[in-house]
Every structure is written in C-alpha cells, then in structure tokens.
file coords_25.txt (compact mmCIF, C-alpha atoms)
# COMPACT_ATOMS: atom_id res chain seq x y z
CA MET A 1 52.98 104.57 111.58
CA ASP A 2 54.90 102.24 109.41
CA LYS A 3 54.45 102.41 105.66
CA LEU A 4 55.84 100.72 102.59
CA TYR A 5 55.48 102.14 99.11
CA VAL A 6 56.54 100.39 95.94
CA ALA A 7 57.01 102.76 93.01
CA GLY A 8 55.02 101.69 89.97
CA ARG A 9 52.46 100.01 92.24
CA ASP A 10 51.59 102.51 94.93
CA ALA A 11 51.04 106.23 94.78
CA VAL A 12 53.92 107.64 96.76
CA PRO A 13 52.82 110.79 98.62
CA SER A 14 54.54 114.05 97.78
CA PHE A 15 53.73 116.06 100.93
CA LEU A 16 53.62 114.86 104.50
CA ARG A 17 53.27 116.78 107.72
CA LEU A 18 54.06 115.42 111.15
CA GLY A 19 52.56 117.13 114.18
CA GLU A 20 53.55 117.07 117.82
CA GLY A 21 54.85 113.72 118.97
CA GLU A 22 53.96 111.99 115.69
CA SER A 23 56.32 109.50 114.23
CA LEU A 24 56.46 107.93 110.79
CA ARG A 25 58.55 105.09 109.53
CA MET A 26 58.40 104.97 105.76
CA THR A 27 60.13 102.82 103.18
CA VAL A 28 60.11 103.43 99.46
CA VAL A 29 61.23 100.76 97.03
CA VAL A 30 61.81 101.36 93.33
CA PRO A 31 61.99 97.92 91.73
CA GLU A 32 63.87 97.00 88.57
CA GLY A 33 62.21 98.14 85.37
CA VAL A 34 60.47 101.14 86.93
CA SER A 35 61.42 104.64 85.81
CA CYS A 36 60.08 107.35 88.06
CA HIS A 37 60.44 110.79 89.47
CA LEU A 38 59.68 110.77 93.17
CA SER A 39 59.46 114.02 94.99
CA LEU A 40 58.73 114.00 98.70
CA GLU A 41 58.55 116.86 101.13
CA VAL A 42 58.11 116.28 104.82
CA ASP A 43 57.41 119.05 107.30
CA LEU A 44 58.19 118.34 110.92
CA ASP A 45 55.81 120.85 112.42
CA GLY A 46 55.22 119.62 115.98
CA LYS A 47 57.66 119.22 118.83
CA GLY A 48 59.17 115.75 119.12
CA ALA A 49 58.02 114.61 115.67
CA SER A 50 60.14 111.87 114.24
CA LEU A 51 60.72 110.62 110.71
CA ASP A 52 62.53 107.42 109.76
CA LEU A 53 62.74 107.32 105.98
CA ALA A 54 64.48 104.71 103.87
CA GLY A 55 64.52 104.00 100.17
CA ALA A 56 66.07 101.57 97.74
CA SER A 57 66.20 101.61 93.98
CA MET A 58 67.27 98.85 91.64
CA SER A 59 67.78 99.47 87.95
CA SER A 60 69.44 97.28 85.38
CA GLY A 61 68.31 98.54 81.98
CA SER A 62 67.61 102.02 80.71
CA GLU A 63 65.57 103.23 83.70
CA ARG A 64 65.68 106.82 84.93
CA VAL A 65 65.11 107.13 88.63
CA ASP A 66 65.02 110.57 90.19
CA ILE A 67 64.44 110.88 93.89
CA SER A 68 64.13 114.22 95.55
CA VAL A 69 63.50 114.58 99.26
CA VAL A 70 63.11 117.70 101.34
CA VAL A 71 62.81 117.36 105.10
CA ARG A 72 62.06 120.54 107.01
CA HIS A 73 62.67 120.77 110.72
CA ASN A 74 60.43 123.73 111.56
CA VAL A 75 60.18 123.38 115.34
CA PRO A 76 62.51 122.33 118.16
CA GLY A 77 63.34 118.78 119.17
CA CYS A 78 62.44 116.79 116.03
CA HIS A 79 64.36 113.83 114.69
CA SER A 80 64.83 112.65 111.09
CA GLU A 81 66.78 109.68 109.75
CA GLN A 82 67.17 109.06 106.02
CA LEU A 83 68.88 106.16 104.31
CA PHE A 84 68.74 105.76 100.54
CA LYS A 85 70.53 103.05 98.61
CA SER A 86 70.68 102.58 94.86
CA VAL A 87 71.96 99.72 92.75
CA ALA A 88 72.39 100.82 89.15
CA GLY A 89 73.29 98.56 86.24
CA GLY A 90 72.84 98.55 82.48
CA CYS A 91 72.72 102.15 81.27
CA SER A 92 70.32 103.32 83.96
CA LYS A 93 70.61 106.74 85.54
CA VAL A 94 69.76 107.44 89.15
CA SER A 95 69.78 110.75 90.90
CA PHE A 96 69.20 111.62 94.51
CA ASP A 97 68.61 115.14 95.79
CA GLY A 98 68.22 115.40 99.50
CA LEU A 99 67.75 118.61 101.38
CA VAL A 100 67.53 118.84 105.14
CA TYR A 101 66.34 122.25 106.24
CA VAL A 102 66.56 123.31 109.86
CA ALA A 103 64.70 126.52 110.73
CA GLN A 104 66.14 129.09 113.09
CA ASP A 105 63.85 128.04 115.94
CA ALA A 106 64.39 124.32 115.47
CA VAL A 107 66.96 123.85 118.19
CA ARG A 108 67.85 120.35 119.40
CA THR A 109 67.19 118.99 115.91
CA VAL A 110 68.70 115.60 115.14
CA ALA A 111 68.93 114.92 111.38
CA HIS A 112 70.98 112.29 109.58
CA GLN A 113 70.99 111.53 105.91
CA GLN A 114 72.87 108.79 104.08
CA ASN A 115 72.92 107.99 100.38
CA HIS A 116 74.94 105.05 99.10
CA SER A 117 75.11 103.77 95.55
CA LEU A 118 76.46 100.67 93.92
CA LEU A 119 77.27 100.72 90.22
CA LEU A 120 77.08 97.41 88.39
CA SER A 121 78.21 98.64 84.98
CA GLU A 122 80.32 101.40 83.57
CA SER A 123 77.41 102.73 81.54
CA ALA A 124 75.21 103.27 84.59
CA SER A 125 75.42 106.52 86.46
CA VAL A 126 74.35 107.90 89.79
CA GLU A 127 74.30 111.46 91.01
CA SER A 128 73.99 112.32 94.64
CA ARG A 129 73.34 115.81 95.89
CA PRO A 130 72.86 115.83 99.65
CA GLN A 131 72.40 119.28 101.18
CA LEU A 132 72.08 120.66 104.65
CA GLU A 133 70.60 124.10 105.27
CA ILE A 134 70.87 124.90 108.93
CA TYR A 135 69.76 128.13 110.56
CA ALA A 136 69.60 126.97 114.16
CA ASP A 137 72.27 126.43 116.80
CA ASP A 138 72.46 123.38 119.02
CA VAL A 139 71.66 120.77 116.35
CA GLU A 140 73.08 117.37 115.47
CA CYS A 141 73.09 117.01 111.68
CA SER A 142 75.13 114.91 109.29
CA HIS A 143 75.02 113.65 105.77
CA GLY A 144 77.11 111.21 103.80
CA ALA A 145 77.22 109.80 100.31
CA THR A 146 79.28 107.04 98.72
CA THR A 147 79.35 105.53 95.24
CA GLY A 148 81.28 102.42 94.33
CA TYR A 149 81.53 99.22 92.36
CA LEU A 150 81.30 95.64 93.67
CA ASN A 151 84.45 94.75 95.50
CA PRO A 152 86.59 92.44 93.30
CA GLU A 153 88.33 90.97 96.35
CA GLU A 154 84.98 89.87 97.75
CA LEU A 155 83.97 88.45 94.39
CA PHE A 156 87.14 86.40 94.08
CA TYR A 157 86.86 85.16 97.65
CA MET A 158 83.32 83.94 97.01
CA ARG A 159 84.25 82.36 93.66
CA SER A 160 87.22 80.61 95.25
CA ARG A 161 84.68 78.85 97.49
CA GLY A 162 82.73 77.66 94.47
CA ILE A 163 80.07 80.36 94.34
CA PRO A 164 79.55 81.21 90.65
CA GLU A 165 80.25 84.79 89.66
CA ASP A 166 76.61 85.72 88.96
CA VAL A 167 75.44 84.28 92.28
CA ALA A 168 78.30 86.05 94.10
CA ARG A 169 77.26 89.36 92.51
CA ASP A 170 73.63 88.83 93.51
CA MET A 171 74.66 88.04 97.07
CA GLN A 172 76.68 91.24 97.27
CA VAL A 173 73.80 93.30 95.90
CA GLN A 174 71.39 91.70 98.38
CA ALA A 175 73.84 92.39 101.20
CA PHE A 176 74.14 96.01 100.12
CA LEU A 177 70.36 96.48 100.07
CA SER A 178 69.60 94.28 103.06
CA PRO A 179 69.11 97.08 105.64
CA ILE A 180 66.28 98.48 103.49
CA LEU A 181 64.83 95.24 102.15
CA ALA A 182 64.62 93.94 105.71
CA ARG A 183 62.38 96.92 106.54
CA ALA A 184 60.26 96.25 103.47
CA HIS A 185 59.78 92.62 104.47
CA SER A 186 59.04 93.02 108.14
CA GLY A 187 56.05 94.45 109.89
CA HIS A 188 55.15 97.06 107.32
CA THR A 189 51.63 98.05 106.45
CA ASN A 190 51.37 97.59 102.75
CA ALA A 191 50.29 100.97 101.44
CA ALA A 192 48.36 99.39 98.54
CA GLU A 193 46.18 97.39 100.93
CA GLN A 194 44.89 100.38 102.85
CA MET B 1 103.38 56.89 96.06
CA GLY B 2 100.01 58.22 94.99
CA ASP B 3 99.00 59.44 91.55
CA ILE B 4 100.16 62.81 90.37
CA LEU B 5 97.58 65.42 91.43
CA LEU B 6 99.25 68.65 90.40
CA GLU B 7 101.94 69.20 87.82
CA ILE B 8 103.32 72.71 87.33
CA LYS B 9 105.72 73.15 84.42
CA ASP B 10 107.85 76.22 83.75
CA LEU B 11 105.22 78.57 85.15
CA HIS B 12 105.77 82.27 84.51
CA ALA B 13 103.23 84.66 86.00
CA GLY B 14 102.88 88.12 87.43
CA ILE B 15 100.68 91.07 88.09
CA GLU B 16 100.41 94.49 86.42
CA GLY B 17 103.05 93.57 83.85
CA ARG B 18 105.63 92.57 86.45
CA GLU B 19 106.89 88.98 86.23
CA ILE B 20 107.04 87.39 89.67
CA LEU B 21 107.14 83.65 88.96
CA LYS B 22 110.02 82.96 86.60
CA GLY B 23 109.76 79.30 85.75
CA VAL B 24 108.26 77.25 88.58
CA ASN B 25 108.29 73.46 88.32
CA LEU B 26 106.45 71.42 90.92
CA THR B 27 104.86 67.96 91.06
CA ILE B 28 102.52 66.97 93.87
CA ARG B 29 101.12 63.49 94.40
CA ARG B 30 98.02 62.47 96.28
CA GLY B 31 98.67 61.86 99.97
CA GLU B 32 101.55 64.32 100.15
CA VAL B 33 102.03 67.50 102.13
CA HIS B 34 104.40 69.97 100.51
CA ALA B 35 105.82 73.01 102.21
CA ILE B 36 106.87 75.99 100.16
CA MET B 37 109.15 78.30 102.07
CA GLY B 38 110.74 81.47 100.93
CA PRO B 39 111.65 85.01 101.87
CA ASN B 40 109.24 87.91 101.40
CA GLY B 41 108.75 88.77 97.76
CA ALA B 42 109.85 85.35 96.50
CA GLY B 43 106.50 84.75 94.80
CA LYS B 44 104.80 82.49 97.35
CA SER B 45 101.51 84.35 97.38
CA THR B 46 101.61 84.79 93.60
CA LEU B 47 101.85 81.02 93.22
CA SER B 48 98.81 80.47 95.44
CA ALA B 49 96.88 83.26 93.67
CA VAL B 50 97.61 81.74 90.25
CA LEU B 51 96.58 78.26 91.39
CA ALA B 52 93.28 79.60 92.76
CA GLY B 53 92.66 81.67 89.62
CA ARG B 54 92.81 85.24 90.83
CA PRO B 55 91.84 87.28 87.76
CA ASP B 56 94.38 90.07 88.22
CA TYR B 57 97.33 87.66 88.01
CA LYS B 58 98.40 86.80 84.46
CA VAL B 59 100.19 83.66 83.34
CA SER B 60 102.65 84.41 80.55
CA ALA B 61 104.10 80.93 80.02
CA GLY B 62 104.01 77.37 81.31
CA SER B 63 101.29 74.92 82.22
CA VAL B 64 99.46 73.56 85.24
CA LEU B 65 97.76 70.18 85.11
CA TYR B 66 95.41 69.35 87.96
CA ASP B 67 94.10 65.82 88.05
CA GLY B 68 94.85 65.66 84.33
CA ARG B 69 92.93 68.88 83.53
CA ASP B 70 94.25 72.21 82.30
CA LEU B 71 93.86 74.18 85.51
CA LEU B 72 94.65 77.54 83.96
CA ALA B 73 91.61 77.25 81.65
CA MET B 74 89.23 76.85 84.61
CA ALA B 75 87.31 79.66 86.35
CA PRO B 76 87.96 80.07 90.10
CA GLU B 77 84.59 78.48 90.96
CA GLU B 78 85.31 75.51 88.66
CA ARG B 79 88.62 74.99 90.44
CA SER B 80 86.75 74.93 93.74
CA TRP B 81 84.26 72.39 92.40
CA ALA B 82 87.19 70.27 91.27
CA GLY B 83 88.52 70.22 94.83
CA ILE B 84 90.98 73.09 95.06
CA PHE B 85 90.88 75.20 98.19
CA LEU B 86 92.95 78.26 99.00
CA SER B 87 93.21 79.37 102.60
CA PHE B 88 93.75 83.11 102.16
CA GLN B 89 96.61 84.92 103.80
CA TYR B 90 94.22 87.84 104.25
CA PRO B 91 90.66 86.47 104.41
CA VAL B 92 88.19 88.92 102.89
CA GLU B 93 85.36 90.55 104.83
CA ILE B 94 81.93 90.26 103.22
CA PRO B 95 79.58 92.67 104.98
CA GLY B 96 75.94 91.67 104.96
CA VAL B 97 76.55 87.99 104.17
CA SER B 98 76.35 85.53 107.06
CA ILE B 99 78.66 82.53 107.35
CA THR B 100 75.57 80.32 107.05
CA ASN B 101 74.39 81.88 103.80
CA PHE B 102 77.91 81.99 102.43
CA MET B 103 78.53 78.29 103.07
CA LYS B 104 75.05 77.31 101.89
CA ALA B 105 75.72 79.06 98.57
CA ALA B 106 79.14 77.42 98.30
CA ILE B 107 77.98 73.90 99.14
CA ASN B 108 74.90 74.02 96.95
CA ALA B 109 76.76 75.50 93.96
CA ARG B 110 79.21 72.64 94.19
CA ARG B 111 76.41 70.08 94.47
CA LYS B 112 74.67 71.63 91.49
CA ALA B 113 77.88 71.40 89.46
CA ALA B 114 78.07 67.71 90.39
CA GLY B 115 74.44 67.14 89.37
CA LEU B 116 73.30 66.64 92.97
CA PRO B 117 70.22 68.21 94.60
CA GLU B 118 70.62 70.95 97.20
CA LEU B 119 71.20 69.82 100.76
CA LYS B 120 68.06 69.85 102.90
CA PRO B 121 68.19 72.59 105.58
CA ALA B 122 68.47 70.01 108.39
CA GLU B 123 71.32 68.19 106.63
CA PHE B 124 73.10 71.47 106.00
CA LEU B 125 72.79 72.56 109.64
CA LYS B 126 74.11 69.22 110.84
CA LEU B 127 77.14 69.55 108.57
CA LEU B 128 77.69 73.15 109.65
CA LYS B 129 77.64 72.26 113.35
CA GLU B 130 79.93 69.29 112.88
CA LYS B 131 82.54 71.34 111.03
CA MET B 132 82.26 74.27 113.42
CA SER B 133 83.17 72.03 116.33
CA PHE B 134 86.14 70.91 114.26
CA VAL B 135 87.74 74.34 114.67
CA GLN B 136 86.14 75.00 118.08
CA MET B 137 83.70 77.64 116.83
CA LYS B 138 80.64 78.39 118.91
CA GLY B 139 77.01 78.50 117.80
CA GLU B 140 76.70 82.24 117.14
CA PHE B 141 79.64 82.05 114.74
CA ALA B 142 77.39 80.89 111.89
CA LYS B 143 75.25 84.01 112.17
CA ARG B 144 78.16 86.44 111.95
CA GLU B 145 78.96 88.27 108.74
CA VAL B 146 81.85 86.61 106.93
CA ASN B 147 85.10 87.77 108.58
CA VAL B 148 83.58 91.11 109.61
CA GLY B 149 85.08 92.16 112.94
CA PHE B 150 86.91 88.82 113.28
CA SER B 151 90.24 88.71 115.08
CA GLY B 152 93.24 87.40 113.13
CA GLY B 153 92.88 84.00 114.78
CA GLU B 154 89.14 83.83 114.07
CA LYS B 155 89.73 84.63 110.41
CA LYS B 156 92.19 81.79 110.03
CA ARG B 157 89.94 79.38 111.92
CA ASN B 158 87.15 80.43 109.58
CA GLU B 159 89.37 79.49 106.64
CA ILE B 160 89.97 76.03 108.09
CA PHE B 161 86.26 75.72 108.88
CA GLN B 162 85.46 76.42 105.22
CA MET B 163 88.12 73.93 104.21
CA ALA B 164 86.47 71.31 106.41
CA MET B 165 83.07 72.12 104.89
CA LEU B 166 84.34 71.84 101.32
CA GLU B 167 86.58 68.77 101.85
CA PRO B 168 89.12 69.76 99.22
CA VAL B 169 91.41 67.44 97.29
CA LEU B 170 94.19 70.02 97.06
CA SER B 171 94.48 72.55 99.89
CA ILE B 172 96.77 75.51 99.56
CA LEU B 173 97.45 77.22 102.87
CA ASP B 174 98.91 80.66 102.23
CA GLU B 175 100.73 81.93 105.33
CA THR B 176 98.00 80.44 107.49
CA ASP B 177 100.30 80.83 110.49
CA SER B 178 100.78 84.59 110.17
CA GLY B 179 99.30 86.50 113.06
CA LEU B 180 98.28 83.42 115.05
CA ASP B 181 98.97 82.82 118.70
CA VAL B 182 99.99 79.33 119.76
CA ASP B 183 96.46 78.20 120.68
CA ALA B 184 94.98 79.33 117.37
CA LEU B 185 97.93 77.79 115.52
CA ARG B 186 97.27 74.47 117.21
CA ILE B 187 93.56 74.55 116.34
CA VAL B 188 94.36 75.38 112.74
CA ALA B 189 97.08 72.73 112.46
CA ASP B 190 94.86 70.09 114.10
CA GLY B 191 92.16 70.89 111.59
CA VAL B 192 94.54 70.52 108.67
CA ASN B 193 96.04 67.31 110.01
CA ARG B 194 92.64 65.73 110.52
CA LEU B 195 91.77 66.50 106.90
CA ARG B 196 94.83 64.65 105.56
CA SER B 197 93.91 61.62 103.50
CA PRO B 198 95.51 59.31 100.91
CA ARG B 199 93.54 60.90 98.10
CA SER B 200 94.21 64.53 98.97
CA ALA B 201 97.28 66.72 99.16
CA SER B 202 98.25 70.01 100.79
CA VAL B 203 100.61 72.83 100.00
CA VAL B 204 101.68 74.76 103.04
CA ILE B 205 103.16 78.14 102.16
CA THR B 206 105.07 79.79 104.94
CA HIS B 207 107.87 82.13 105.75
CA TYR B 208 108.70 80.53 109.09
CA GLN B 209 109.29 77.01 110.33
CA ARG B 210 106.80 77.38 113.19
CA LEU B 211 103.73 75.97 111.40
CA LEU B 212 105.80 73.05 110.08
CA GLU B 213 106.32 71.83 113.63
CA TYR B 214 102.57 71.18 113.70
CA ILE B 215 101.97 70.20 110.09
CA VAL B 216 104.88 67.99 109.13
CA PRO B 217 105.56 68.10 105.38
CA ASP B 218 106.73 65.21 103.21
CA VAL B 219 108.55 67.51 100.81
CA VAL B 220 109.99 70.97 101.36
CA HIS B 221 110.67 73.48 98.59
CA VAL B 222 112.44 76.78 98.77
CA LEU B 223 111.11 79.51 96.51
CA LYS B 224 113.46 82.41 95.80
CA ASP B 225 113.06 85.14 93.24
CA GLY B 226 110.29 83.32 91.41
CA ARG B 227 111.94 79.92 91.14
CA ILE B 228 112.14 76.80 93.26
CA VAL B 229 115.82 76.69 94.14
CA ALA B 230 115.91 73.71 96.48
CA THR B 231 113.75 70.66 97.20
CA GLY B 232 114.28 68.22 100.04
CA GLY B 233 112.97 66.96 103.33
CA THR B 234 112.52 68.60 106.69
CA GLU B 235 116.30 69.06 106.97
CA LEU B 236 115.81 72.07 104.66
CA VAL B 237 113.53 73.65 107.25
CA GLN B 238 116.25 73.28 109.85
CA GLN B 239 118.88 74.72 107.53
CA ILE B 240 116.71 77.80 106.88
CA GLU B 241 116.01 78.21 110.57
CA ASN B 242 119.70 78.03 111.46
CA GLN B 243 121.37 79.76 108.56
CA GLY B 244 118.65 81.77 106.81
CA TYR B 245 117.47 81.84 103.21
CA ASP B 246 120.82 83.20 102.04
CA SER B 247 122.37 79.81 102.78
CA ILE B 248 120.30 78.29 100.00
CA ASP B 249 121.59 79.16 96.56
CA GLY B 250 119.54 79.51 93.47

call {"tool": "encode", "arguments": {"input": "coords_25.txt", "output": "structure tokens"}}
result
Amino acid sequence: MDKLYVAGRDAVPSFLRLGEGESLRMTVVVPEGVSCHLSLEVDLDGKGASLDLAGASMSSGSERVDISVVVRHNVPGCHSEQLFKSVAGGCSKVSFDGLVYVAQDAVRTVAHQQNHSLLLSESASVESRPQLEIYADDVECSHGATTGYLNPEELFYMRSRGIPEDVARDMQVQAFLSPILARAHSGHTNAAEQ
Amino acid sequence: MGDILLEIKDLHAGIEGREILKGVNLTIRRGEVHAIMGPNGAGKSTLSAVLAGRPDYKVSAGSVLYDGRDLLAMAPEERSWAGIFLSFQYPVEIPGVSITNFMKAAINARRKAAGLPELKPAEFLKLLKEKMSFVQMKGEFAKREVNVGFSGGEKKRNEIFQMAMLEPVLSILDETDSGLDVDALRIVADGVNRLRSPRSASVVITHYQRLLEYIVPDVVHVLKDGRIVATGGTELVQQIENQGYDSIDG
C-alpha cells in the first residue's frame, strides 16, 4: 500500500500494525502554515513486514511542528526505512522524536532512520532526537541526523549565473525536499480520496 | 581599439579584515583578452571574487566601472544580467538541481530582467543542445545534478558550457586550466576562443603559461602582493616561464 497524508487536510493515523508479509509505503507532508503534533506508532508484527516511511515539514512563520514516531520490530526479518526532512524558517519550531525498538526475538531486523533539517532563519529551531533501542542480535540498524543552513557557496554560484537570491533559495529548498516531494507527487493514493 | 569595458581604479579589497588587493588599476577594452598572472597568494582569486560580487569579500577603497556603471553597487545576479561571467576555480556542487533546471532558471531570470518573455521549452532545449555540443558534452549531461560527481575536467567544461549559454560580455576565467589534462584544456580553450568577439572581452587568470598557449592574450599583467607590478605583451609570459615571478619587480 502506498499512502500520502497531508497534515491539516487528512487525518494522519496514530497506530498502524503490519502483519506477515505486509508492506506499507507512507508519506506525510506538513505544509507551510500548519502547526501540528503528529504521533505515529507502527508495530511490525508479522514476519517479513516492511515499512517505508517518509515525511517533510515546511514552516516559515510561527508554526510548531512536533513529529513523534515509534517503530517496533516485534518479530524476525522485518524492514523499516524512515526519512524525515524539515525546512524551518521564520520563528517556527520543529521537533522530531524517532524511536526504533527491536525486540529480543526480532533477529535479522533491518531498520534505518534519517532526519535532516534545514534552517532558513536564525530564529527558527529544530530539535532531533533519534533513538535506537535494540534487544536482538544479528540486526542492521542505523540512524542519522543533520541540521544546517543553506550553503552560501551554492547561493553565490547560482547568483553569479543570474539566478536572483530568492529564486536560488527556493531552488535549494526544493532540492533538499525533492526525495520526499517526488514520493508525494508520484503514484500515491491520496488518503483524502479514499 | 574598442570602448573601455572595465575600469578598475586603486582597488583595495580583502576578506575577514585582511587586505589582499592593495591598489589594483586595470583598464580593459572591448575585443581584448587580458591575462593576469601571478604567484599563489598574489590576490588573483580575490580580484575575480570582487568582480563577481562575492559577499564575503569587502572592498575598502577604489572603484570599478563596468560599461559606465558602478559595478560594486550591483548584486551578483545584476552583474550576470549585465554580461559578467566568472568561471570558478572550484565550481560548486548543487545537489538536487539538474543542469537543465539550473540553466533554465539562469536564462529566464536574465530574460525577465531584460523585459523578455521566458524561452519556450523547445527553444530552450535547442539552445541547450547547441551549447552542449560546443564543449563536447553528451545528452545525459543535462540531467545530471550541477557538478555533483563531476571530474575536474567535467567541472571546467561545465563552466565553459554555462559561459556559452549566457554569452557574456566580460568573462573572467579563474584558473580554468588547473587540474585539466591536455584534451580537456583544448576543449575549454576552443570554447573560449570561439566566444571571442569585438564587443566582448576576457580576463584569463592563471598561475602558469600553459593555458596562454591556447588562449593568446593581447595584454599580460603580473599581479604580486595585491598590486599589478608589470603590464606588457606575451613576452612577459616567456620571462615568467624562464626566470620566474621573482624576476619581475614590484
């Protein structure tokens, strides 16, 4: 299954359970102007279940965006991929809490989690708290988080070719979000239309 | 001789409070190719950065007139619209932005500034293909992310490709020869030579004489310790090659 949720438009589920062999590809987008607290827990309860979760948030004013995700690998041989990207401007505040839990029996788990943030102003803030809780052996788990500003070298390079500063910034933001926006634009079932 | 295109007077500039250019004077006329040679640390790249408008470089004194306008008052994008092009010594990687989208944004911003409508997609693609063949770039090149994973030679060819797309009036080539093998050097030099015209001018900044065998300058300057200490013809290039920069006194 392939699902797209837009915060402020769709009800984003808070609990999901994947049984044996089930796979879910899910994308959550938090558009500009939407403040929200999203809390999602996913239980991988059947062998070979697979979760591919991605999210993007954009905030440019005084939004508060809190995203909390718990993925539990309860049985052997499940796979989860998570990619969350935030672009925060104005005086917005974004937080991401991500917990990947791997139960003692859940051998051969593959779990990756990435959280990357781009700050567009000095008054904006992002907090990233990725966590791994692993009780099984023989697993492949990783997490990573980065936070940064737009690269001034890239901006100058683009401006030196005649691209105005505001357009250059937009292009960089679009490039940063493109892996997630591409998912949102292609082949997704629109959750609101179901 | 053509009209004066660029007139630099007593230019002092630097970065992070350190003065690097200490009174540069330089006049460039349309139709001319100037070479600026100098040892490492002489201020060659600072000069190109200041002319292109890099925000972290500060001008403390002097003036630069470009086509009669106060260049130093113009934003980097305005300088580009006015026909200035800097070929970067270290071209910047822009992940997630394709060459096609990058050039489309550049061309259309310039057209907008000139009060022209955007190029139609078919016109743009035609232009893109024509200029790609100019630097012997293949079809998939346009889909690649700007400079991401490019070899040194590909990066420099990409600079000359962009130069061909933008058809500048004043091109500044900052160490365009560094890191190039002979084949890439020839492609780059051919590109530059084919863009020479009576209304445009080029500044070729280089440490070595090698590039100047392919792009023959009308005037050669030697920059040392932030000042132009000698101006002449190609005989200066030979003198530097034979006797080094120490043979030229400031």

call {"tool": "interface_residues", "arguments": {"input": "coords_25.txt", "of": "chain A", "to": "chain B", "cutoff": "10 Å", "atoms": "only C-alpha atoms", "output": "ChimeraX atom specification"}}
result
/A:151-165,167-168,171-179

call {"tool": "write_last_selection", "arguments": {"input": "coords_25.txt", "atoms": "C-alpha atoms", "output": "PDB file, in the coordinates of the input"}}
result
ATOM      1  CA  ASN A 151      84.450  94.750  95.500  1.00  0.00           C
ATOM      2  CA  PRO A 152      86.590  92.440  93.300  1.00  0.00           C
ATOM      3  CA  GLU A 153      88.330  90.970  96.350  1.00  0.00           C
ATOM      4  CA  GLU A 154      84.980  89.870  97.750  1.00  0.00           C
ATOM      5  CA  LEU A 155      83.970  88.450  94.390  1.00  0.00           C
ATOM      6  CA  PHE A 156      87.140  86.400  94.080  1.00  0.00           C
ATOM      7  CA  TYR A 157      86.860  85.160  97.650  1.00  0.00           C
ATOM      8  CA  MET A 158      83.320  83.940  97.010  1.00  0.00           C
ATOM      9  CA  ARG A 159      84.250  82.360  93.660  1.00  0.00           C
ATOM     10  CA  SER A 160      87.220  80.610  95.250  1.00  0.00           C
ATOM     11  CA  ARG A 161      84.680  78.850  97.490  1.00  0.00           C
ATOM     12  CA  GLY A 162      82.730  77.660  94.470  1.00  0.00           C
ATOM     13  CA  ILE A 163      80.070  80.360  94.340  1.00  0.00           C
ATOM     14  CA  PRO A 164      79.550  81.210  90.650  1.00  0.00           C
ATOM     15  CA  GLU A 165      80.250  84.790  89.660  1.00  0.00           C
ATOM     16  CA  VAL A 167      75.440  84.280  92.280  1.00  0.00           C
ATOM     17  CA  ALA A 168      78.300  86.050  94.100  1.00  0.00           C
ATOM     18  CA  MET A 171      74.660  88.040  97.070  1.00  0.00           C
ATOM     19  CA  GLN A 172      76.680  91.240  97.270  1.00  0.00           C
ATOM     20  CA  VAL A 173      73.800  93.300  95.900  1.00  0.00           C
ATOM     21  CA  GLN A 174      71.390  91.700  98.380  1.00  0.00           C
ATOM     22  CA  ALA A 175      73.840  92.390 101.200  1.00  0.00           C
ATOM     23  CA  PHE A 176      74.140  96.010 100.120  1.00  0.00           C
ATOM     24  CA  LEU A 177      70.360  96.480 100.070  1.00  0.00           C
ATOM     25  CA  SER A 178      69.600  94.280 103.060  1.00  0.00           C
ATOM     26  CA  PRO A 179      69.110  97.080 105.640  1.00  0.00           C
TER      27      PRO A 179
END

call {"tool": "atom_distance", "arguments": {"input": "coords_25.txt", "atom1": "atom CA of Leu47 of chain B", "atom2": "atom CA of Ala73 of chain B"}}
result
15.9 Å

call {"tool": "residues_near_point", "arguments": {"input": "coords_25.txt", "point": "(76.3, 106.0, 94.4)", "cutoff": "9 Å", "atoms": "all atoms listed in the file", "output": "PyMOL selection string"}}
result
chain A and resi 85-88+94-95+115-119+125-128+145-149

call {"tool": "atom_distance", "arguments": {"input": "coords_25.txt", "atom1": "atom CA of Glu63 of chain A", "atom2": "atom CA of Val34 of chain A"}}
result
6.4 Å

call {"tool": "atom_distance", "arguments": {"input": "coords_25.txt", "atom1": "atom CA of Arg30 of chain B", "atom2": "atom CA of Leu173 of chain B"}}
result
16.2 Å

call {"tool": "residues_around", "arguments": {"input": "coords_25.txt", "residues": "Ser151 of chain B", "least_positions_apart": "4", "cutoff": "12 Å", "atoms": "all atoms listed in the file", "output": "list in words"}}
result
Tyr90, Pro91, Glu93, Val146, Asn147, Lys155, Lys156, Arg157, Asn158, Gly179, Leu180, Asp181 and Ala184 of chain B

call {"tool": "residues_around", "arguments": {"input": "coords_25.txt", "residues": "Ser14 of chain A", "least_positions_apart": "4", "cutoff": "10 Å", "atoms": "all atoms listed in the file", "output": "ChimeraX atom specification"}}
result
/A:38-42,68-70

call {"tool": "residues_around", "arguments": {"input": "coords_25.txt", "residues": "Ser63 of chain B", "least_positions_apart": "5", "cutoff": "8 Å", "atoms": "all atoms listed in the file", "output": "ChimeraX atom specification"}}
result
/B:8-11,70,72

call {"tool": "closest_residue", "arguments": {"input": "coords_25.txt", "among": "B:Ala42, B:Leu127, B:Leu6, B:Ala164", "to": "Arg194 of chain B", "atoms": "all atoms listed in the file"}}
result
B:Ala164

call {"tool": "closest_residue", "arguments": {"input": "coords_25.txt", "among": "A:Val75, A:Cys91, A:Ala56, A:Leu120", "to": "Val107 of chain A", "atoms": "only C-alpha atoms"}}
result
A:Val75

call {"tool": "residues_near_point", "arguments": {"input": "coords_25.txt", "point": "(65.3, 130.1, 115.0)", "cutoff": "10 Å", "atoms": "only C-alpha atoms", "output": "list in words"}}
result
Asn74, Val75, Pro76, Val102, Ala103, Gln104, Asp105, Ala106, Val107, Ile134, Tyr135, Ala136 and Asp137 of chain A

call {"tool": "closest_residue", "arguments": {"input": "coords_25.txt", "among": "A:Ala111, A:Ala11, A:Val71, A:Leu44", "to": "Val139 of chain A", "atoms": "all atoms listed in the file"}}
result
A:Ala111

call {"tool": "residues_around", "arguments": {"input": "coords_25.txt", "residues": "Ser178 of chain B", "least_positions_apart": "5", "cutoff": "10 Å", "atoms": "all atoms listed in the file", "output": "PyMOL selection string"}}
result
chain B and resi 89-90+152-153+156+185+206-208+210-211
